[in-house]
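Source file: entry_37.cif; contents: mmCIF, C-alpha atoms and all ligand atoms.
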data_target
loop_
_atom_site.label_atom_id
_atom_site.label_comp_id
_atom_site.auth_asym_id
_atom_site.auth_seq_id
_atom_site.Cartn_x
_atom_site.Cartn_y
_atom_site.Cartn_z
CA MET B 2 50.84 223.81 58.49
CA ILE B 3 51.91 224.62 62.03
CA ARG B 4 54.28 222.87 64.44
CA LEU B 5 53.51 223.56 68.08
CA ILE B 6 54.55 222.28 71.48
CA ILE B 7 52.56 222.84 74.64
CA LEU B 8 54.70 222.70 77.74
CA GLY B 9 53.51 222.74 81.33
CA ALA B 10 53.38 220.65 84.48
CA PRO B 11 51.09 217.61 84.39
CA GLY B 12 47.65 218.92 85.28
CA SER B 13 48.32 222.49 84.17
CA GLY B 14 45.50 222.22 81.62
CA LYS B 15 47.48 221.39 78.48
CA GLY B 16 44.85 218.86 77.36
CA SER B 17 42.04 221.43 77.51
CA GLN B 18 44.00 223.95 75.45
CA CYS B 19 44.88 221.25 72.94
CA LYS B 20 41.22 220.54 72.28
CA TRP B 21 40.48 223.96 70.77
CA ILE B 22 43.90 224.43 69.16
CA THR B 23 43.62 221.16 67.25
CA ARG B 24 40.13 222.17 66.07
CA ASP B 25 40.86 225.80 65.15
CA TYR B 26 44.22 225.10 63.51
CA ASP B 27 43.22 221.73 62.00
CA VAL B 28 46.40 220.18 63.36
CA PRO B 29 46.90 216.64 64.76
CA HIS B 30 47.01 216.55 68.57
CA ILE B 31 49.74 214.18 69.69
CA SER B 32 49.66 213.30 73.36
CA THR B 33 52.33 210.77 74.31
CA GLY B 34 50.39 210.09 77.55
CA ASP B 35 47.29 209.15 75.50
CA ILE B 36 49.36 206.94 73.19
CA LEU B 37 50.88 205.16 76.20
CA ARG B 38 47.48 204.73 77.89
CA LYS B 39 46.10 203.23 74.68
CA ASN B 40 49.02 200.80 74.58
CA ILE B 41 48.26 199.81 78.18
CA ALA B 42 44.56 199.32 77.37
CA ASP B 43 45.47 197.22 74.31
CA GLY B 44 47.94 195.17 76.37
CA THR B 45 50.88 195.79 74.02
CA GLU B 46 54.46 195.05 75.02
CA LEU B 47 55.20 198.79 75.10
CA GLY B 48 52.16 199.32 77.33
CA MET B 49 53.35 196.66 79.76
CA LYS B 50 56.82 198.20 79.92
CA ALA B 51 55.42 201.73 80.41
CA LYS B 52 52.72 201.04 83.01
CA SER B 53 54.85 200.73 86.15
CA PHE B 54 56.70 203.98 85.38
CA MET B 55 53.43 205.79 84.74
CA ASP B 56 51.70 204.48 87.87
CA GLN B 57 54.55 205.87 89.97
CA GLY B 58 54.52 209.23 88.20
CA CYS B 59 58.01 208.61 86.75
CA LEU B 60 58.94 209.26 83.16
CA VAL B 61 58.96 206.35 80.75
CA PRO B 62 62.57 205.87 79.54
CA ASP B 63 63.56 208.11 76.60
CA GLU B 64 64.39 205.15 74.33
CA LEU B 65 60.80 203.87 74.54
CA ILE B 66 59.17 207.23 73.90
CA ILE B 67 61.43 208.81 71.27
CA ASP B 68 60.94 206.07 68.65
CA LEU B 69 57.23 206.03 69.33
CA LEU B 70 56.98 209.78 68.76
CA LYS B 71 59.12 209.73 65.61
CA ALA B 72 56.95 206.98 64.13
CA ARG B 73 53.86 209.11 64.81
CA LEU B 74 55.43 212.20 63.18
CA GLU B 75 56.17 210.14 60.04
CA GLU B 76 52.44 209.62 59.48
CA ALA B 77 50.76 211.43 56.60
CA ASP B 78 48.60 213.82 58.68
CA CYS B 79 51.66 215.28 60.44
CA LYS B 80 53.56 215.62 57.19
CA GLU B 81 50.67 217.53 55.68
CA LYS B 82 49.38 219.59 58.62
CA GLY B 83 52.16 219.69 61.22
CA PHE B 84 51.49 218.79 64.84
CA LEU B 85 50.59 219.91 68.32
CA LEU B 86 52.76 218.03 70.81
CA ASP B 87 51.31 217.56 74.29
CA GLY B 88 53.49 215.81 76.88
CA PHE B 89 56.52 215.61 74.62
CA PRO B 90 59.35 216.54 74.93
CA ARG B 91 59.76 216.06 78.67
CA THR B 92 63.55 215.92 78.87
CA ILE B 93 66.38 217.79 77.17
CA SER B 94 67.41 214.61 75.37
CA GLN B 95 63.87 214.19 73.99
CA ALA B 96 63.97 217.82 72.80
CA GLU B 97 67.33 217.23 71.14
CA ALA B 98 66.04 214.08 69.42
CA LEU B 99 63.03 216.04 68.16
CA ASN B 100 65.27 218.85 66.98
CA GLU B 101 67.47 216.44 65.00
CA PHE B 102 64.42 214.75 63.50
CA LEU B 103 62.95 218.10 62.38
CA GLN B 104 66.25 219.44 61.08
CA ALA B 105 66.67 216.35 58.91
CA ALA B 106 63.25 217.15 57.42
CA GLY B 107 64.12 220.86 57.01
CA ALA B 108 61.45 221.81 59.54
CA ASN B 109 61.25 223.93 62.70
CA ILE B 110 59.08 224.38 65.75
CA ASP B 111 56.91 227.47 65.22
CA LYS B 112 56.02 228.09 68.84
CA VAL B 113 56.23 226.59 72.33
CA ILE B 114 53.42 227.61 74.66
CA ASN B 115 54.54 227.29 78.27
CA LEU B 116 51.46 227.04 80.47
CA HIS B 117 52.31 228.11 84.02
CA VAL B 118 50.13 227.05 86.97
CA PRO B 119 51.22 226.92 90.67
CA ASP B 120 51.78 223.45 92.18
CA GLU B 121 48.99 223.75 94.81
CA GLU B 122 46.45 224.51 92.11
CA ILE B 123 47.67 221.56 90.02
CA MET B 124 47.28 219.18 92.97
CA SER B 125 43.71 220.33 93.62
CA ARG B 126 42.79 220.06 89.93
CA ALA B 127 44.31 216.59 89.52
CA LEU B 128 42.45 215.12 92.45
CA ASN B 129 39.18 216.48 91.04
CA ARG B 130 39.78 215.57 87.39
CA ARG B 131 37.52 213.11 85.59
CA THR B 132 37.82 212.16 81.91
CA CYS B 133 35.34 210.63 79.48
CA THR B 134 36.13 206.97 78.71
CA ASN B 135 35.04 207.42 75.08
CA GLY B 136 38.27 207.77 73.08
CA GLU B 137 36.47 209.86 70.43
CA CYS B 138 35.24 212.34 73.06
CA LYS B 139 37.85 212.50 75.88
CA GLU B 140 35.92 215.41 77.49
CA ILE B 141 37.58 216.55 80.72
CA TYR B 142 35.60 217.54 83.84
CA ASN B 143 36.57 218.96 87.20
CA LEU B 144 34.38 218.02 90.15
CA ARG B 145 35.15 221.38 91.79
CA ASP B 146 34.84 223.88 88.90
CA ASN B 147 33.18 222.03 86.04
CA PRO B 148 31.27 218.96 87.24
CA PRO B 149 29.18 216.80 84.87
CA LYS B 150 25.40 217.30 85.13
CA VAL B 151 24.95 213.66 86.16
CA GLU B 152 27.61 212.23 88.46
CA GLY B 153 30.01 209.90 86.64
CA VAL B 154 28.44 210.44 83.19
CA CYS B 155 29.75 212.55 80.27
CA ASP B 156 27.40 215.45 79.37
CA LYS B 157 28.48 215.31 75.74
CA CYS B 158 28.25 211.62 74.85
CA GLY B 159 26.77 209.81 77.87
CA SER B 160 29.80 207.53 78.36
CA PRO B 161 31.08 206.80 81.87
CA LEU B 162 33.77 209.08 83.32
CA PHE B 163 36.94 207.77 84.93
CA GLN B 164 39.71 209.00 87.17
CA ARG B 165 43.17 208.34 85.80
CA ASP B 166 45.18 205.79 87.83
CA ASP B 167 47.97 208.35 88.16
CA ASP B 168 45.74 211.16 89.55
CA ASN B 169 46.33 210.40 93.26
CA GLU B 170 48.16 212.62 95.77
CA GLU B 171 51.41 210.66 95.95
CA THR B 172 51.73 210.23 92.20
CA VAL B 173 50.82 213.86 91.44
CA SER B 174 53.41 215.12 93.90
CA ASN B 175 56.00 212.83 92.35
CA ARG B 176 54.99 213.99 88.86
CA LEU B 177 55.46 217.62 89.93
CA ASN B 178 58.97 216.86 91.24
CA VAL B 179 59.81 215.04 88.04
CA TYR B 180 58.48 218.02 86.09
CA HIS B 181 60.57 220.57 88.00
CA ASN B 182 63.73 218.47 87.76
CA GLN B 183 63.55 217.01 84.26
CA THR B 184 61.11 219.03 82.15
CA GLU B 185 61.46 222.62 83.41
CA PRO B 186 64.95 222.96 81.86
CA LEU B 187 63.11 222.93 78.51
CA ILE B 188 61.85 226.46 79.28
CA GLU B 189 65.42 227.70 79.03
CA TYR B 190 66.12 225.44 76.03
CA TYR B 191 63.24 226.83 73.96
CA THR B 192 63.70 230.41 75.24
CA SER B 193 67.22 230.34 73.83
CA LYS B 194 65.75 229.23 70.49
CA GLY B 195 63.44 232.27 70.59
CA VAL B 196 60.18 230.31 70.27
CA LEU B 197 58.84 230.15 73.83
CA ALA B 198 55.88 232.13 75.17
CA THR B 199 54.76 231.78 78.80
CA ILE B 200 51.03 231.98 79.52
CA VAL B 201 49.87 232.11 83.14
CA GLY B 202 46.89 229.78 83.62
CA GLN B 203 43.82 231.75 84.76
CA GLU B 204 41.05 230.68 87.13
CA ASP B 205 38.53 230.71 84.28
CA ILE B 206 39.65 228.42 81.46
CA ASN B 207 38.11 230.79 78.87
CA ASP B 208 40.48 233.52 80.02
CA THR B 209 43.44 231.17 79.52
CA ILE B 210 42.12 230.24 76.07
CA ALA B 211 41.91 233.94 75.14
CA LEU B 212 45.54 234.50 76.20
CA VAL B 213 46.80 231.48 74.22
CA LYS B 214 44.72 232.54 71.20
CA ALA B 215 46.27 236.00 71.25
CA GLU B 216 49.76 234.50 71.52
CA LEU B 217 49.24 232.10 68.60
CA ALA B 218 47.82 234.89 66.46
CA LYS B 219 51.07 236.91 66.81
P1 LIG B 301 50.50 212.70 80.61
O1 LIG B 301 49.18 212.19 80.16
O2 LIG B 301 51.18 213.55 79.55
O3 LIG B 301 50.48 213.38 81.94
O4 LIG B 301 51.45 211.42 80.77
C1 LIG B 301 51.19 210.42 81.73
C2 LIG B 301 52.45 209.62 82.01
O5 LIG B 301 52.93 209.03 80.80
C3 LIG B 301 53.62 210.44 82.55
O6 LIG B 301 53.56 210.61 83.96
C4 LIG B 301 54.81 209.56 82.13
O7 LIG B 301 54.95 208.44 82.98
C5 LIG B 301 54.36 209.04 80.77
N1 LIG B 301 54.80 209.91 79.66
C6 LIG B 301 54.00 210.62 78.80
N2 LIG B 301 54.76 211.31 77.93
C7 LIG B 301 56.05 211.05 78.23
C8 LIG B 301 57.31 211.47 77.70
N3 LIG B 301 57.38 212.34 76.66
N4 LIG B 301 58.43 210.97 78.27
C9 LIG B 301 58.39 210.10 79.29
N5 LIG B 301 57.25 209.68 79.86
C10 LIG B 301 56.08 210.13 79.33
#

Go ahead and express the file in the form of structure tokens.
Ligand code: AMP
Amino acid sequence: MIRLIILGAPGSGKGSQCKWITRDYDVPHISTGDILRKNIADGTELGMKAKSFMDQGCLVPDELIIDLLKARLEEADCKEKGFLLDGFPRTISQAEALNEFLQAAGANIDKVINLHVPDEEIMSRALNRRTCTNGECKEIYNLRDNPPKVEGVCDKCGSPLFQRDDDNEETVSNRLNVYHNQTEPLIEYYTSKGVLATIVGQEDINDTIALVKAELAK
């Protein structure tokens, strides 16, 4: 049982770290962005409400996201194994809601990994990012550093790759501003709780993985 949060600007590589953490620690990976995108794909009311905020790179209002997250944490897998939160919390009020929820259950966050990557690098990565459309696979490619063998096709499962609607220059720059203004205060919040560790994202993803591994093993 482990309860983790991965914090970092959109495009800092949280998703790639989550892939191995969820496997090695056998912990559910909860990405609020993925949940919202699934709601959009399924045409749910929540998805329709969330889409315009997401397309502009703005945060979805707290009241939509907090209940959604709490409902997910009530599911059996999280109760048994804990969780790895990716993309939540993104505001102090989300962090406080999570804190209250956990306290009521007598639980705590074990560690917050803060993945630090400079803005210019994030912009370049986002514009080159492609993701597998297969929800079971979700493999992530980068046309610059880690392109698929065949253009537009996933090496692992052969499904088509796609570029997220929100991975364009204007939206990414807006997302970075939103991150600095609304999410970065969480670094201070979790530092004061004594659970935050900052990892500087390296050029080679395997080097970043090694640093996160060492931190989680502490
Ligand atoms: P992500 O995949 O985590 O980058 O999320 C994509 C988009 O979903 C964000 O730009 C927000 O519009 C929305 N979103 C995801 N998680 C949250 C959250 N915890 N609070 C508010 N909006 C969110």

What does the structure give for the distance between atom CA of Ser53 of chain B and atom CA of Arg131 of chain B, in Å to one decimal?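 That distance, rounded to one decimal, is 21.3 Å.
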
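Minimum atom-to-atom distances from B:Ser32, B:Ser193, B:Gln18, B:Thr199 to His117 of chain B were compared using only C-alpha atoms, and the lowest value belongs to B:Thr199.
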
My list of candidates is B:Met55, B:Arg145, B:Ile210, B:Gly153. Which is closest to Cys19 of chain B when distances are computed with only C-alpha atoms? B:Ile210

Within 12 Å of Lys219 of chain B using all atoms listed in the file, minus same-chain residues under 4 positions, as a list of chain:residue names: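 These residues fall inside the cut-off: B:Asp111, B:Lys112, B:Val196, B:Ala198, B:Leu212, B:Val213, B:Lys214, B:Ala215.
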
Pick from B:Cys133, B:Leu37, B:Leu8, B:Ile123, whichever lies nearest to ligand LIG 301 (chain B) using only C-alpha atoms and all ligand atoms: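 Among B:Cys133, B:Leu37, B:Leu8, B:Ile123, it is B:Leu37 that comes nearest to ligand LIG 301 (chain B).
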
Segment 196-214 of chain B, all listed atoms, 6 Å padding on each side: what axis-aligned box centre and edge lengths in Å to one decimal come out, as JSON?
{"center_x": 49.1, "center_y": 231.5, "center_z": 78.7, "size_x": 34.1, "size_y": 18.1, "size_z": 28.9}

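Taking atom CA of Asn143 of chain B and atom CA of Asn129 of chain B as endpoints, the distance between them is 5.3 Å.
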
Quick one: everything within 10 Å of Cys59 of chain B, counting only C-alpha atoms, minus sequence neighbours fewer than 3 positions away in the same chain. Send it as a VMD selection string. chain B and resid 51 to 56 62 172 175 to 180

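Counting only C-alpha atoms and comparing B:Glu76, B:Glu216, B:Asp27, B:Asp205, the residue that lies closest to Asp146 of chain B is B:Asp205.
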